[in-house]
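Worksheet: the structure to be examined is printed underneath.
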Amino acid sequence: MAKAQEYQNTWASLDSRPIPTWFEDAKFGIFIHWGVYSVPAWRKLEPGLYASYAEWYYARVMYNLENGGQEFHIKNYGKDFEYRDFAPLFKAELFDPVLFANLFKRSGAKYVVLTSKHHDGYSLWPTKSPYKKNWNSMDIGPKRDLVGELSEAVKSVGLRMGLYYSIIEWESSWIHRTESGYYIPDNLVKKYKIPKNEYVDKHLIPQLKELVNEYKPSLIFSDGGEWDGSEEYFKTKEFLAWLYNDSPVKNEIVVNDRFAKDMPGKHGDYFSSEYKDMKSAKVFHPWEESRGIGGSYGFNRAENIDDYNSSGELILELIDIVSRGGNLLLNVGPTSDGRIPVIMQQRLIDIGLWLDVNGEAIYKTRKRKISSQENENQKIYFTIKKDLLFCIFTQWDDTIEVELLNGENVMNVKILGYDEALNYELIKNNRLRIKIPKLTISEIPCLHAWTLKIELKN
């Protein structure tokens with residue numbers, strides 16, 4: 001838990017707050033991108049980072065002449081069909097928050113993060129913001145408090161609940177990335193824009209405090225603020241000081257680094273990257289990698305079986321990230337009627353089965369001085385916990401050699417999920433040679449990767 005002290009609205013003070021330990025202990029979380037964009041749920045698959053994000057339908061698809069987006073939209077919905085016309089079709093009629101929560105529990109995740117509001121500004125809770133009348137999930141679409149229902153279900157199964165919140169909104173926020181300064185046509189900006197002098201004080205900060213006071217999340221994943229808005233304009237430090245000092249979650253809350261421009265990699269309880277876009281320097285601070293099971297966060301109907309990562313690939317990514325001191329936030333994109341696609345469910349169940357055997361080498365571990373080792377046939381990943389060294393390997397060889405560090409004196413070696421102790425010997429150059437038993441497919445403790453648990457002498 002964070003220390004009980006008064007934090008000032010300066011980076012020197014805010015950055016001195018120790019991150020609550022639950023976050024670095026958790027290692028694995030579930031991200032959920034769900035909203036009005038889940039109705040069209042389409043974006044042409046293109047190579048390159050960020051190129052297939054279907055949750056950007058409003059800004060990158062329906063008015064795009066170059067990637068077939070405008071043609072798709074007009075053909076299927078008509079040229080006069082606005083993005084906001086999708087809202088009544090976002091019904092979530094099959095959404096069962098208990099089913100979601102139980103699935104996430106089975107996956108082995110320790111926390112869940114839901115998009116309470118993405119860049120389109122649509123809010124998944126009955127917000128009191130005067131600018132969101134008929135643009136929230138209680139007024140239009142599901143007619144339900146999606147944030148509230150899922151928060152209650154997730155917490156009831158012992159997981160922590162977090163909320164993604166977009167600091168900017170496409171209809172209201174100027175962005176340097178485009179010629180006009182907006183991702184959407186000027187007529188829609190004029191029609192829906194929240195006045196700049198009211199955006200922060202009457203909308204942004206009240207919504208953030210509303211979410212914290214009403215739903216008491218353990219995590220806030222901010223996004224979009226890092227593009228252009230200054231910390232002074234968004235009143236970022238003032239909000240964080242309130243969050244750390246006076247909010248009902250002051251002792252457990254963790255936040256990322258995307259509230260404002262110049263924050264990424266500098267300020268925030270943890271740094272956040274997506275699809276491996278993080279600079280290596282950031283691994284010296286608590287960090288989290290997020291990604292979808294495929295190439296999109298929001299459900300993309302253009303994706304097929306070969307566009308989804310296999311269970312083995314996702315497990316390997318989890319292992320790699322944890323060995324380097326990070327967390328994996330793995331995204332699922334529900335359909336507009338409230339279902340998690342079965343292929344995504346299957347991936348989560350497979351990860352959970354692997355964690356049932358190997359969770360000791362993942363949860364509550366920390367980064368070793370040397371996080372991985374290349375052998376001739378395979379790469380070995382390391383994590384540490386008190387007097388334990390875990391070596392996770394992906395190829396079942398006859399022997400495995402591990403390079404020991406100074407002070408690592410071995411007392412016992414076993415494989416997680418296999419009861420027998422293993423034979424081992426110390427060879428030259430402080431290397432440990434471990435004999436791996438020959439097991440049949442029915443005897444092997446799990447699939448995809450296995451863990452050597454090495455007990456060290458004090």
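A note on labels: chains of the structure tokens are A, B, ... as shown, every chain counts residues from 1, and ligands are counted from 1 in their shown order.
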Task: alpha helix (DSSP H) residues, from DSSP on the backbone, in stretch 3-209 of chain A, as a PyMOL selection string - done: chain A and resi 11-14+21-26+69-77+97-107+146-156+186-192+196-199+205-209
Open item on the list: Just want the 9 Å neighbourhood of A:Arg84, counted on only C-alpha atoms, with same-chain residues fewer than 4 positions away dropped. Output as an MDAnalysis selection string.
Closed with: chainID A and resid 36 88 135
Saved selection, atoms kept: N, CA and C atoms, as a tab-separated table (two decimals), in the first residue's frame:
chain	number	residue	atom	x	y	z
A	36	VAL	N	-19.62	1.84	-28.68
A	36	VAL	CA	-20.40	2.03	-29.90
A	36	VAL	C	-19.64	1.50	-31.12
A	88	PRO	N	-27.97	3.46	-30.84
A	88	PRO	CA	-29.14	2.63	-30.55
A	88	PRO	C	-28.94	1.15	-30.87
A	135	TRP	N	-25.68	10.29	-24.81
A	135	TRP	CA	-24.42	9.74	-25.30
A	135	TRP	C	-23.72	8.98	-24.17
- [ ] Compare A:Asn197, A:Ser247, A:Gln345, A:Ser123 by their minimum atom-to-atom distance to A:Ala101, counting only C-alpha atoms, and give me the closest one.
- [x]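 Between A:Asn197, A:Ser247, A:Gln345, A:Ser123, the residue approaching A:Ala101 most closely is A:Gln345.
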TODO: Go through A:Ile30, A:Cys391, A:Ile441, A:Leu426 one by one, measure the shortest atom-to-atom distance of each to A:Arg347 using only C-alpha atoms, and give the residue with the smallest value.
DONE: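 Counting only C-alpha atoms, the residue closest to A:Arg347 is A:Ile30.
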TODO: Run DSSP on the backbone and grab whatever in stretch 145-220 of chain A lands in strand (DSSP E); send it over as a list in words.
DONE: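 In stretch 145-220 of chain A, DSSP puts these residues in strand (DSSP E): Arg160, Met161, Gly162, Leu163, Tyr164, Tyr165, Ser166, Leu219 and Ile220 of chain A.
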Open item on the list: Ranking A:Arg144, A:Lys385, A:Lys110, A:Lys133 by minimum distance to A:Gly162 and counting only C-alpha atoms, which one comes first?
Closed with: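 Answer, going by the shortest atom-to-atom distance: A:Lys110.
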Open item on the list: Residues within 10 Å of A:Leu49, please, as a list in words. Count only C-alpha atoms; anything in the same chain fewer than 3 positions from it doesn't count.
Closed with: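 After dropping sequence-adjacent residues, the list is Glu46, Ser52, Tyr53, Glu274, Tyr275, Lys276, Asp277 and Gly295 of chain A.
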For the residues in the current selection, export C-alpha atoms as a PDB file, in the first residue's frame.
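Below is the file that was written, out.pdb:
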ATOM      1  CA  GLU A  46      -3.150  -3.298 -42.866  1.00  0.00           C
ATOM      2  CA  SER A  52      -5.949  -2.247 -37.635  1.00  0.00           C
ATOM      3  CA  TYR A  53      -7.573  -0.725 -34.536  1.00  0.00           C
ATOM      4  CA  GLU A 274       1.054  -1.179 -26.514  1.00  0.00           C
ATOM      5  CA  TYR A 275       2.055  -3.747 -29.078  1.00  0.00           C
ATOM      6  CA  LYS A 276       5.714  -3.493 -28.017  1.00  0.00           C
ATOM      7  CA  ASP A 277       6.117   0.244 -28.647  1.00  0.00           C
ATOM      8  CA  GLY A 295      -4.231  -6.855 -34.099  1.00  0.00           C
TER       9      GLY A 295
END
Task: Between atom CA of A:Thr178 and atom CA of A:Ala302 - distance in Å to one decimal - done: 25.8 Å
Task: Å distance separating atom CA of A:Glu288 from atom CA of A:Pro47, one decimal place - done: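 Those two atoms sit 23.6 Å apart.
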TODO: Find the residue from A:Lys117, A:Lys438, A:His267, A:His448 that sits nearest to A:Glu317; use only C-alpha atoms when measuring.
DONE: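 Among the listed residues, the smallest separation from A:Glu317 belongs to A:His448.
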Neighbours of A:Tyr83 within 9 Å (only C-alpha atoms; same-chain residues fewer than 5 positions away dropped), as an mmCIF file with N, CA and C atoms, in the first residue's frame?
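Dumped everything to part-v2.cif:
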data_model
loop_
_atom_site.group_PDB
_atom_site.id
_atom_site.type_symbol
_atom_site.label_atom_id
_atom_site.label_comp_id
_atom_site.auth_asym_id
_atom_site.auth_seq_id
_atom_site.Cartn_x
_atom_site.Cartn_y
_atom_site.Cartn_z
ATOM 1 N N VAL A 36 -19.617 1.838 -28.678
ATOM 2 C CA VAL A 36 -20.395 2.035 -29.901
ATOM 3 C C VAL A 36 -19.643 1.501 -31.118
ATOM 4 N N TYR A 37 -18.323 1.599 -31.106
ATOM 5 C CA TYR A 37 -17.505 1.091 -32.216
ATOM 6 C C TYR A 37 -17.629 -0.420 -32.380
ATOM 7 N N TYR A 57 -13.006 3.425 -35.540
ATOM 8 C CA TYR A 57 -13.910 3.471 -36.696
ATOM 9 C C TYR A 57 -14.342 4.905 -37.017
ATOM 10 N N TYR A 58 -14.705 5.678 -36.000
ATOM 11 C CA TYR A 58 -15.175 7.055 -36.194
ATOM 12 C C TYR A 58 -14.093 7.910 -36.853
ATOM 13 N N MET A 62 -14.648 5.548 -41.239
ATOM 14 C CA MET A 62 -15.863 5.938 -41.959
ATOM 15 C C MET A 62 -15.703 7.158 -42.857
#
TODO: Can you pull out every residue within 8 Å of A:Glu401, counting only C-alpha atoms, but drop anything in the same chain fewer than 6 positions away, and send it as a list in words?
DONE: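 Here the answer would be Asn375, Arg431, Leu432, Arg433 and Ile434 of chain A.
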Open item on the list: My list of candidates is A:Asn245, A:Asn429, A:Phe393, A:Leu452. Which is closest to A:Leu316 when distances are computed with only C-alpha atoms?
Closed with: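 Smallest separation from A:Leu316 among the options: A:Phe393.
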- [ ] Mind checking which residues fall within 12 Å of A:Ser323, counting only C-alpha atoms, ignoring those fewer than 4 positions away in the same chain, and posting them as JSON, numbers by chain?
- [x] {"A": [27, 283, 316, 317, 318, 319, 327, 328, 361, 362, 363, 364, 365, 366, 367, 368, 369, 370, 371, 372, 373, 379, 380, 381, 382, 383, 384, 385, 389, 390, 391, 392, 393]}
So that I can check the surroundings of A:Arg160, please list as a compact mmCIF listing (two decimals) with C-alpha atoms, in the first residue's frame every protein, DNA and RNA residue that reaches within 7 Å of it, counting only C-alpha atoms and ignoring chain neighbours fewer than 5 positions away.
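What ended up in part-v9.txt:
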# COMPACT_ATOMS: atom_id res chain seq x y z
CA LYS A 110 -5.60 -10.54 -11.23
CA TYR A 111 -7.21 -7.33 -12.50
CA VAL A 112 -9.56 -6.09 -15.21
CA VAL A 154 -15.25 -8.50 -11.05
CA LYS A 155 -14.76 -7.50 -7.43
CA SER A 218 -7.92 0.23 -8.22
Open item on the list: Ranking A:Glu403, A:Asp80, A:Glu408, A:Asp356 by minimum distance to A:Leu447 and counting only C-alpha atoms, which one comes first?
Closed with: A:Asp356
